[in-house]
Amino acid sequence: MALEHSASHGAVRKPEHRPVNPRFSSGPCAKPPVYSLDLLADAPLGRSHRAAVGKAKLKAAIELTREILGVPADYRIGIVPASDTGAVEMAMWSLLGARPCTMIAWESFGEGWVSDAVKQLKLDAKVLKADYGHIVDFAEVDFDTDVVFTWNGTTSGVRLPGGDAIPADRAGLTICDATSAAFAQDLPWDKLDVTTFSWQKVMGGEAAHGMLILSPRAVERLESYTPAWPMPKIFRMTKGGKLIEGIFVGETINTPSMLAVEDYLVALNWGKSIGGMPALMARADANAKAIFEFCAARDWIDNLAVDPATRSNTSVCLKFTDPRIADGAAFAKAVAKRLEAEGVALDVGAYRDAPPGLRIWCGATVETSDIEAMLPWLDWAFQTEIAALAQAA
């Protein structure tokens with residue numbers, strides 16, 4: 001898409017059309033396109049989450065999650081405190097230490113799990129890492145150990161292309177942080193023993209609540225293993241050597257926000273109404289494809305993911321490749337600032353620990369038409385900032 005320049009000033013002319021919804025944050029993410037606060041009117045506010053109405057809402061959230069994601073009937077699904085972070089920590093503190101473990105990281109959140117396992121739990125873990133834009137070779141992973149990894153690197157835009165490298169007959173458990181993958185990417189449940197995510201990513205729900213999905217093998221570990229370290233109350237999933245089943249039917253460990261639960265139910269019902277997982281994945285794929293095609297047609301911007309097979313369809317991370325850019329961080333921030341000032345793309349700067357660039361959320365709640373309307377503005381912001389550099393030189 002060519003951009004016109006003003007003959008008198010050399011300035012780039014602004015595009016005519018703007019996104020209807022300029023929210024491309026990678027969390028909290030855009031609400032579903034049908035969203036209205038009126039849809040929360042049925043929230044049982046001022047009622048106990050242990051009252052029949054509260055339990056029914058929480059149970060419905062679990063059942064709809066199972067239905068849309070296609071989680072096997074013998075897997076447990078629990079609503080737990082502290083978003084995806086709480087769910088991952090709960091799994092690590094409760095399950096690790098029974099056998100050797102392998103920690104895998106290729107972006108900042110994976111690095112966080114490595115740090116917690118090695119520095120907090122003091123585990124002698126094998127650590128496998130890859131730089132931003134790359135991914136660890138899963139063929140080299142020993143799945144007879146417990147393995148902790150992110151499915152989709154939210155801060156790197158690099159995802160696991162599939163679960164083929166994970167053996168079905170593994171001896172260890174797989175603990176997967178799937179927070180920016182769930183509802184947008186095909187998760188192979190037979191390869192995952194613990195899966196975590198949060199409401200505020202692909203479904204655009206409110207934050208602070210995490211989801212913890214356990215396979216029968218994970219439950220068996222919980223009931224047969226007691227960690228050597230003290231266990232905080234909000235991490236405890238067993239009592240007397242038996243799983244606390246109530247956690248997995250909506251009897252939460254601590255008090256949830258019933259307003260946030262209602263919000264998640266609205267998102268789940270929207271996802272079901274448009275066709276469930278196939279439709280949700282197709283929306284994310286279409287959004288990401290529009291950006292991939294934009295980058296392919298330009299020599300100044302590229303996907304941070306080096307291998308196209310590992311490119312995320314949700315947290316799409318981009319890098320500027322123009323040789324005229326001397327300070328990549330300053331340039332990327334300036335472009336993001338221009339886009340925000342115009343109200344056409346909010347919160348699209350790269351994550352603070354990631355390489356300089358942009359991160360554009362493409363999850364299922366984002367409309368492809370908004371991505372397509374935003375991209376000419378990205379072209380404008382780049383050209384305008386390059387012109388400003390030339391003028392300052």
# chains A, B, ... in the order shown; residues from 1 in each chain; ligands from 1

$ select_by_dssp --residues "segment 97-225 of chain A" --states "strand (DSSP E)" --output "VMD selection string"
chain A and resid 101 to 105 126 to 129 146 to 150 152 to 153 158 to 159 174 to 177 194 to 198 209 to 214

$ write_last_selection --atoms "N, CA and C atoms" --output "compact mmCIF listing (two decimals), in the first residue's frame"
# COMPACT_ATOMS: atom_id res chain seq x y z
N CYS A 101 13.56 -32.58 36.69
CA CYS A 101 12.71 -31.71 35.87
C CYS A 101 13.55 -30.92 34.87
N THR A 102 12.87 -30.53 33.80
CA THR A 102 13.47 -29.73 32.74
C THR A 102 12.65 -28.46 32.59
N MET A 103 13.32 -27.33 32.65
CA MET A 103 12.67 -26.03 32.50
C MET A 103 13.05 -25.45 31.14
N ILE A 104 12.04 -25.03 30.38
CA ILE A 104 12.27 -24.54 29.02
C ILE A 104 11.83 -23.08 28.91
N ALA A 105 12.65 -22.25 28.29
CA ALA A 105 12.30 -20.83 28.15
C ALA A 105 12.80 -20.28 26.82
N LYS A 126 17.33 -29.15 34.81
CA LYS A 126 18.01 -28.92 33.55
C LYS A 126 17.29 -27.77 32.87
N VAL A 127 18.03 -26.78 32.42
CA VAL A 127 17.44 -25.58 31.83
C VAL A 127 17.81 -25.50 30.35
N LEU A 128 16.80 -25.40 29.51
CA LEU A 128 16.99 -25.24 28.06
C LEU A 128 16.42 -23.89 27.66
N LYS A 129 17.23 -23.09 26.97
CA LYS A 129 16.79 -21.75 26.58
C LYS A 129 17.06 -21.49 25.11
N ASP A 146 9.98 -34.21 34.45
CA ASP A 146 8.86 -33.26 34.41
C ASP A 146 9.32 -32.05 33.61
N VAL A 147 8.50 -31.61 32.67
CA VAL A 147 8.89 -30.54 31.76
C VAL A 147 7.94 -29.36 31.89
N VAL A 148 8.48 -28.16 32.12
CA VAL A 148 7.69 -26.94 32.25
C VAL A 148 8.02 -26.02 31.08
N PHE A 149 6.99 -25.56 30.36
CA PHE A 149 7.21 -24.71 29.19
C PHE A 149 5.98 -23.88 28.88
N THR A 150 6.19 -22.81 28.14
CA THR A 150 5.08 -22.03 27.61
C THR A 150 4.75 -22.55 26.21
N ASN A 152 2.84 -20.72 23.92
CA ASN A 152 2.98 -19.54 23.07
C ASN A 152 3.69 -18.46 23.87
N GLY A 153 4.85 -18.04 23.40
CA GLY A 153 5.59 -17.00 24.09
C GLY A 153 4.94 -15.64 23.89
N VAL A 158 6.55 -16.31 19.58
CA VAL A 158 7.01 -17.61 19.10
C VAL A 158 6.22 -18.70 19.81
N ARG A 159 5.64 -19.60 19.03
CA ARG A 159 4.83 -20.66 19.63
C ARG A 159 5.33 -22.04 19.21
N THR A 174 4.02 -33.07 31.84
CA THR A 174 4.20 -31.83 31.08
C THR A 174 3.34 -30.76 31.73
N ILE A 175 3.98 -29.65 32.07
CA ILE A 175 3.30 -28.52 32.69
C ILE A 175 3.38 -27.36 31.72
N CYS A 176 2.26 -26.99 31.14
CA CYS A 176 2.23 -26.05 30.02
C CYS A 176 1.50 -24.75 30.37
N ASP A 177 2.22 -23.65 30.29
CA ASP A 177 1.62 -22.33 30.39
C ASP A 177 1.07 -21.98 29.00
N VAL A 194 -0.63 -30.74 32.71
CA VAL A 194 -1.12 -29.55 33.40
C VAL A 194 -1.13 -28.42 32.37
N THR A 195 -2.26 -27.75 32.27
CA THR A 195 -2.39 -26.63 31.33
C THR A 195 -2.98 -25.45 32.07
N THR A 196 -2.38 -24.29 31.91
CA THR A 196 -2.86 -23.09 32.59
C THR A 196 -3.13 -21.97 31.60
N PHE A 197 -4.05 -21.11 31.95
CA PHE A 197 -4.27 -19.89 31.17
C PHE A 197 -5.09 -18.92 32.01
N SER A 198 -5.30 -17.73 31.49
CA SER A 198 -6.08 -16.71 32.19
C SER A 198 -7.18 -16.19 31.29
N HIS A 209 -8.08 -14.06 37.62
CA HIS A 209 -8.48 -15.45 37.79
C HIS A 209 -7.73 -16.34 36.79
N GLY A 210 -7.26 -17.47 37.29
CA GLY A 210 -6.52 -18.40 36.45
C GLY A 210 -7.28 -19.69 36.28
N MET A 211 -6.93 -20.42 35.23
CA MET A 211 -7.52 -21.73 34.97
C MET A 211 -6.43 -22.79 35.04
N LEU A 212 -6.73 -23.88 35.72
CA LEU A 212 -5.79 -24.97 35.90
C LEU A 212 -6.46 -26.26 35.44
N ILE A 213 -5.89 -26.89 34.42
CA ILE A 213 -6.45 -28.12 33.86
C ILE A 213 -5.48 -29.27 34.14
N LEU A 214 -5.98 -30.32 34.79
CA LEU A 214 -5.15 -31.44 35.22
C LEU A 214 -5.56 -32.73 34.53

$ closest_residue --among "A:Ser36, A:Thr255, A:Thr155, A:Ser224" --to "Arg359 of chain A" --atoms "only C-alpha atoms"
A:Thr155

$ closest_residue --among "A:Gly172, A:Leu40, A:Met374, A:Ala51" --to "Glu16 of chain A" --atoms "only C-alpha atoms"
A:Met374

$ atom_distance --atom1 "atom CA of Leu280 of chain A" --atom2 "atom CA of Pro356 of chain A"
29.3 Å

$ residues_around --residues "Arg50 of chain A" --least-positions-apart "2" --cutoff "12 Å" --atoms "only C-alpha atoms" --output "CSV table (one decimal) with C-alpha atoms, in the first residue's frame"
chain,number,residue,atom,x,y,z
A,44,PRO,CA,-25.0,-12.2,41.3
A,46,GLY,CA,-23.6,-9.0,46.7
A,47,ARG,CA,-24.1,-12.7,46.9
A,48,SER,CA,-21.8,-15.3,48.3
A,52,ALA,CA,-26.3,-21.8,45.0
A,53,VAL,CA,-26.3,-19.0,42.4
A,54,GLY,CA,-22.6,-18.4,42.8
A,55,LYS,CA,-21.6,-22.1,42.6
A,56,ALA,CA,-23.8,-22.4,39.5
A,57,LYS,CA,-22.1,-19.6,37.7
A,58,LEU,CA,-18.6,-20.9,38.5
A,59,LYS,CA,-19.6,-24.5,37.5
A,246,GLY,CA,-14.6,-29.1,45.1
A,247,ILE,CA,-11.9,-26.9,43.4
A,249,VAL,CA,-16.6,-28.0,40.3
A,250,GLY,CA,-16.5,-24.3,41.2
A,251,GLU,CA,-15.8,-24.3,44.9
A,252,THR,CA,-12.9,-21.9,44.7
A,253,ILE,CA,-10.0,-21.7,47.1
A,254,ASN,CA,-10.6,-18.0,47.8
A,255,THR,CA,-13.3,-15.5,46.9
A,256,PRO,CA,-13.6,-14.8,43.2
A,258,MET,CA,-18.6,-12.7,40.5

$ atom_distance --atom1 "atom CA of Asn269 of chain A" --atom2 "atom CA of Asp84 of chain A"
21.2 Å

$ atom_distance --atom1 "atom CA of Arg311 of chain A" --atom2 "atom CA of Gly357 of chain A"
15.4 Å

$ residues_around --residues "Gly133 of chain A" --least-positions-apart "2" --cutoff "10 Å" --atoms "only C-alpha atoms" --output "list of chain:residue names"
A:Trp106, A:Glu107, A:Ala130, A:Asp131, A:Ile135, A:Gly153, A:Thr155, A:Ser156, A:Gly157, A:Val158, A:Arg159, A:Asn303, A:Leu304, A:Ala305, A:Val306, A:Asp307, A:Thr310, A:Arg311, A:Cys317, A:Leu318, A:Ala354, A:Pro355
